[in-house]
Amino acid sequence: MRALYADTRAASGIAEMELTVLTAAVNAAAAPTVAQIGRSLGHPRQVVQRAANVLAERGLVTFADNPDHKRASLIVATDAGRALKAADHARAQAVTDALLARIDSATFANAANQLHIIRAEIEGYLRERDG
């Protein structure tokens with residue numbers, strides 16, 4: 001999957017982790033914190049913070065006060081950040097459309113179902129082990 005979308009990521013002009021953080025900020029229902037993004041993606045907070053700082057330097061995100069926490073700022077995508085992400089999404093959608101023309105939707109549906117089953121079993125195992 002990484003190779004499939006490598007060209008679309010490269011065309012964005014930002015590093016993969018920066019694009020990941022920008023995506024999290026753009027797609028979030030409410031502006032996230034660095035720690036929230038890190039937890040949801042399984043990345044260390046420091047890695048997410050570095051990417052967020054680069055995005056802020058480039059004017060793609062801003063940091064906003066968090067009414068729920070004095071030190072954990074919210075990451076808010078700017079108009080430029082949303083535009084960059086929209087262009088990246090359009091490039092990725094073109095790749096996805098080309099792939100879907102080659103692989104029927106039933107194959108994807110079956111794969112998604114199998115992955116859902118695997119994830120549920122992994123999560124169940126972890127709950128039992130840690131519970």
# chains A, B, ... in the order shown; residues from 1 in each chain; ligands from 1
>>> residues_around(residues="region 31-42 of chain A", least_positions_apart="5", cutoff="12 Å", atoms="only C-alpha atoms", output="count of residues only")
34
>>> atom_distance(atom1="CA of Val95 (chain A)", atom2="CA of Arg2 (chain A)")
12.2 Å
>>> atom_distance(atom1="CA of Arg9 (chain A)", atom2="CA of His89 (chain A)")
9.6 Å
>>> atom_distance(atom1="CA of Arg91 (chain A)", atom2="CA of Ala106 (chain A)")
23.9 Å
>>> select_by_dssp(residues="chain A", states="alpha helix (DSSP H)", output="MDAnalysis selection string")
chainID A and resid 6:12 16:27 34:41 45:57 79:100 105:130
>>> write_last_selection(atoms="C-alpha atoms", output="short mmCIF file (atom, residue, chain, number, x, y, z; two decimals), in the first residue's frame")
data_model
loop_
_atom_site.label_atom_id
_atom_site.label_comp_id
_atom_site.auth_asym_id
_atom_site.auth_seq_id
_atom_site.Cartn_x
_atom_site.Cartn_y
_atom_site.Cartn_z
CA ALA A 6 4.15 6.79 -2.75
CA ASP A 7 3.86 9.14 -5.72
CA THR A 8 0.79 10.87 -4.28
CA ARG A 9 2.58 11.41 -0.96
CA ALA A 10 5.69 12.73 -2.71
CA ALA A 11 3.60 15.15 -4.75
CA SER A 12 2.27 16.72 -1.55
CA GLU A 16 4.88 11.12 5.29
CA MET A 17 4.50 11.79 9.03
CA GLU A 18 3.61 15.41 8.36
CA LEU A 19 0.96 14.30 5.88
CA THR A 20 -0.34 11.81 8.44
CA VAL A 21 -0.66 14.53 11.10
CA LEU A 22 -2.25 16.93 8.62
CA THR A 23 -4.75 14.23 7.64
CA ALA A 24 -5.59 13.66 11.31
CA ALA A 25 -6.16 17.39 11.82
CA VAL A 26 -8.24 17.81 8.66
CA ASN A 27 -10.37 14.71 9.20
CA VAL A 34 -0.69 15.97 19.66
CA ALA A 35 -1.23 13.28 22.29
CA GLN A 36 -4.61 12.30 20.83
CA ILE A 37 -3.12 11.90 17.36
CA GLY A 38 -0.20 9.92 18.76
CA ARG A 39 -2.46 7.55 20.69
CA SER A 40 -4.86 7.01 17.81
CA LEU A 41 -2.05 6.28 15.32
CA ARG A 45 3.92 12.10 21.07
CA GLN A 46 7.34 13.57 20.28
CA VAL A 47 7.21 12.33 16.66
CA VAL A 48 3.75 13.83 16.19
CA GLN A 49 4.86 17.09 17.85
CA ARG A 50 7.83 17.45 15.47
CA ALA A 51 5.56 16.91 12.46
CA ALA A 52 2.99 19.36 13.82
CA ASN A 53 5.71 21.97 14.36
CA VAL A 54 6.88 21.63 10.74
CA LEU A 55 3.28 21.92 9.54
CA ALA A 56 2.83 25.07 11.63
CA GLU A 57 6.06 26.56 10.24
CA ASP A 79 -7.12 26.84 4.67
CA ALA A 80 -3.74 26.11 3.05
CA GLY A 81 -3.52 22.83 4.96
CA ARG A 82 -7.03 21.79 3.95
CA ALA A 83 -6.25 22.68 0.31
CA LEU A 84 -3.04 20.64 0.36
CA LYS A 85 -4.89 17.69 1.89
CA ALA A 86 -7.72 17.98 -0.67
CA ALA A 87 -5.19 17.90 -3.53
CA ASP A 88 -3.48 14.88 -1.95
CA HIS A 89 -6.84 13.16 -1.57
CA ALA A 90 -7.69 13.81 -5.23
CA ARG A 91 -4.38 12.27 -6.34
CA ALA A 92 -4.94 9.26 -4.07
CA GLN A 93 -8.51 8.86 -5.34
CA ALA A 94 -7.24 8.69 -8.92
CA VAL A 95 -4.90 5.84 -7.93
CA THR A 96 -7.73 4.11 -6.06
CA ASP A 97 -10.07 4.44 -9.04
CA ALA A 98 -7.44 2.92 -11.34
CA LEU A 99 -6.99 0.03 -8.93
CA LEU A 100 -10.73 -0.53 -8.56
CA SER A 105 -15.47 -4.80 -5.36
CA ALA A 106 -16.37 -8.26 -4.00
CA THR A 107 -12.67 -9.03 -3.59
CA PHE A 108 -12.18 -5.82 -1.60
CA ALA A 109 -15.29 -6.50 0.47
CA ASN A 110 -14.05 -10.00 1.31
CA ALA A 111 -10.62 -8.68 2.28
CA ALA A 112 -12.17 -5.97 4.47
CA ASN A 113 -14.35 -8.55 6.18
CA GLN A 114 -11.37 -10.85 6.83
CA LEU A 115 -9.35 -7.95 8.25
CA HIS A 116 -12.28 -7.02 10.50
CA ILE A 117 -12.39 -10.58 11.84
CA ILE A 118 -8.64 -10.59 12.45
CA ARG A 119 -8.75 -7.24 14.24
CA ALA A 120 -11.65 -8.33 16.44
CA GLU A 121 -9.75 -11.48 17.44
CA ILE A 122 -6.59 -9.50 18.21
CA GLU A 123 -8.54 -7.00 20.31
CA GLY A 124 -10.33 -9.85 22.12
CA TYR A 125 -7.02 -11.54 22.85
CA LEU A 126 -5.55 -8.29 24.21
CA ARG A 127 -8.59 -7.68 26.44
CA GLU A 128 -8.36 -11.21 27.84
CA ARG A 129 -4.61 -11.00 28.33
CA ASP A 130 -4.67 -7.58 29.97
#
>>> decode(residues="region 43-54 of chain A", atoms="all heavy atoms", output="mmCIF file, in the first residue's frame")
data_model
loop_
_atom_site.group_PDB
_atom_site.id
_atom_site.type_symbol
_atom_site.label_atom_id
_atom_site.label_comp_id
_atom_site.auth_asym_id
_atom_site.auth_seq_id
_atom_site.Cartn_x
_atom_site.Cartn_y
_atom_site.Cartn_z
ATOM 1 N N HIS A 43 1.821 6.365 17.456
ATOM 2 C CA HIS A 43 3.124 7.013 17.305
ATOM 3 C C HIS A 43 3.467 7.767 18.584
ATOM 4 O O HIS A 43 2.575 8.289 19.257
ATOM 5 C CB HIS A 43 3.108 8.017 16.140
ATOM 6 C CG HIS A 43 2.974 7.374 14.802
ATOM 7 N ND1 HIS A 43 3.975 6.631 14.231
ATOM 8 C CD2 HIS A 43 1.955 7.365 13.919
ATOM 9 C CE1 HIS A 43 3.577 6.190 13.049
ATOM 10 N NE2 HIS A 43 2.348 6.617 12.835
ATOM 11 N N PRO A 44 4.747 7.866 18.914
ATOM 12 C CA PRO A 44 5.141 8.647 20.093
ATOM 13 C C PRO A 44 4.721 10.106 19.944
ATOM 14 O O PRO A 44 4.763 10.675 18.853
ATOM 15 C CB PRO A 44 6.669 8.519 20.130
ATOM 16 C CG PRO A 44 6.975 7.314 19.301
ATOM 17 C CD PRO A 44 5.893 7.231 18.268
ATOM 18 N N ARG A 45 4.354 10.702 21.060
ATOM 19 C CA ARG A 45 3.922 12.098 21.069
ATOM 20 C C ARG A 45 4.996 13.008 20.484
ATOM 21 O O ARG A 45 4.691 13.945 19.746
ATOM 22 C CB ARG A 45 3.588 12.529 22.509
ATOM 23 C CG ARG A 45 2.984 13.917 22.590
ATOM 24 C CD ARG A 45 3.043 14.487 23.983
ATOM 25 N NE ARG A 45 4.388 14.611 24.499
ATOM 26 C CZ ARG A 45 5.262 15.544 24.125
ATOM 27 N NH1 ARG A 45 4.949 16.426 23.203
ATOM 28 N NH2 ARG A 45 6.466 15.585 24.645
ATOM 29 N N GLN A 46 6.256 12.720 20.761
ATOM 30 C CA GLN A 46 7.339 13.570 20.276
ATOM 31 C C GLN A 46 7.421 13.571 18.754
ATOM 32 O O GLN A 46 7.704 14.604 18.139
ATOM 33 C CB GLN A 46 8.690 13.114 20.862
ATOM 34 C CG GLN A 46 8.783 13.261 22.357
ATOM 35 C CD GLN A 46 8.217 12.055 23.112
ATOM 36 O OE1 GLN A 46 7.548 11.192 22.553
ATOM 37 N NE2 GLN A 46 8.494 12.004 24.411
ATOM 38 N N VAL A 47 7.174 12.434 18.129
ATOM 39 C CA VAL A 47 7.213 12.334 16.665
ATOM 40 C C VAL A 47 6.077 13.171 16.071
ATOM 41 O O VAL A 47 6.270 13.909 15.094
ATOM 42 C CB VAL A 47 7.109 10.852 16.227
ATOM 43 C CG1 VAL A 47 6.915 10.736 14.724
ATOM 44 C CG2 VAL A 47 8.334 10.087 16.678
ATOM 45 N N VAL A 48 4.902 13.054 16.662
ATOM 46 C CA VAL A 48 3.750 13.829 16.189
ATOM 47 C C VAL A 48 4.002 15.317 16.408
ATOM 48 O O VAL A 48 3.692 16.144 15.540
ATOM 49 C CB VAL A 48 2.456 13.358 16.890
ATOM 50 C CG1 VAL A 48 1.272 14.235 16.492
ATOM 51 C CG2 VAL A 48 2.179 11.896 16.565
ATOM 52 N N GLN A 49 4.591 15.679 17.554
ATOM 53 C CA GLN A 49 4.864 17.089 17.848
ATOM 54 C C GLN A 49 5.823 17.689 16.830
ATOM 55 O O GLN A 49 5.614 18.801 16.351
ATOM 56 C CB GLN A 49 5.446 17.245 19.254
ATOM 57 C CG GLN A 49 5.647 18.705 19.658
ATOM 58 C CD GLN A 49 4.338 19.433 19.820
ATOM 59 O OE1 GLN A 49 3.522 19.062 20.650
ATOM 60 N NE2 GLN A 49 4.111 20.477 19.023
ATOM 61 N N ARG A 50 6.884 16.939 16.478
ATOM 62 C CA ARG A 50 7.829 17.451 15.470
ATOM 63 C C ARG A 50 7.124 17.696 14.138
ATOM 64 O O ARG A 50 7.332 18.723 13.488
ATOM 65 C CB ARG A 50 8.993 16.481 15.287
ATOM 66 C CG ARG A 50 10.075 16.614 16.337
ATOM 67 C CD ARG A 50 11.346 15.876 15.961
ATOM 68 N NE ARG A 50 11.184 14.438 15.878
ATOM 69 C CZ ARG A 50 11.278 13.594 16.900
ATOM 70 N NH1 ARG A 50 11.523 14.055 18.099
ATOM 71 N NH2 ARG A 50 11.126 12.302 16.717
ATOM 72 N N ALA A 51 6.287 16.749 13.729
ATOM 73 C CA ALA A 51 5.562 16.908 12.459
ATOM 74 C C ALA A 51 4.612 18.096 12.533
ATOM 75 O O ALA A 51 4.518 18.889 11.589
ATOM 76 C CB ALA A 51 4.804 15.628 12.126
ATOM 77 N N ALA A 52 3.917 18.239 13.656
ATOM 78 C CA ALA A 52 2.987 19.362 13.818
ATOM 79 C C ALA A 52 3.733 20.696 13.781
ATOM 80 O O ALA A 52 3.246 21.677 13.193
ATOM 81 C CB ALA A 52 2.197 19.213 15.120
ATOM 82 N N ASN A 53 4.909 20.737 14.381
ATOM 83 C CA ASN A 53 5.705 21.970 14.362
ATOM 84 C C ASN A 53 6.110 22.349 12.941
ATOM 85 O O ASN A 53 6.051 23.523 12.561
ATOM 86 C CB ASN A 53 6.950 21.821 15.242
ATOM 87 C CG ASN A 53 6.622 21.784 16.721
ATOM 88 O OD1 ASN A 53 5.520 22.140 17.139
ATOM 89 N ND2 ASN A 53 7.563 21.325 17.519
ATOM 90 N N VAL A 54 6.521 21.367 12.148
ATOM 91 C CA VAL A 54 6.879 21.629 10.745
ATOM 92 C C VAL A 54 5.656 22.130 9.984
ATOM 93 O O VAL A 54 5.740 23.094 9.207
ATOM 94 C CB VAL A 54 7.474 20.368 10.076
ATOM 95 C CG1 VAL A 54 7.624 20.560 8.571
ATOM 96 C CG2 VAL A 54 8.805 20.006 10.710
#
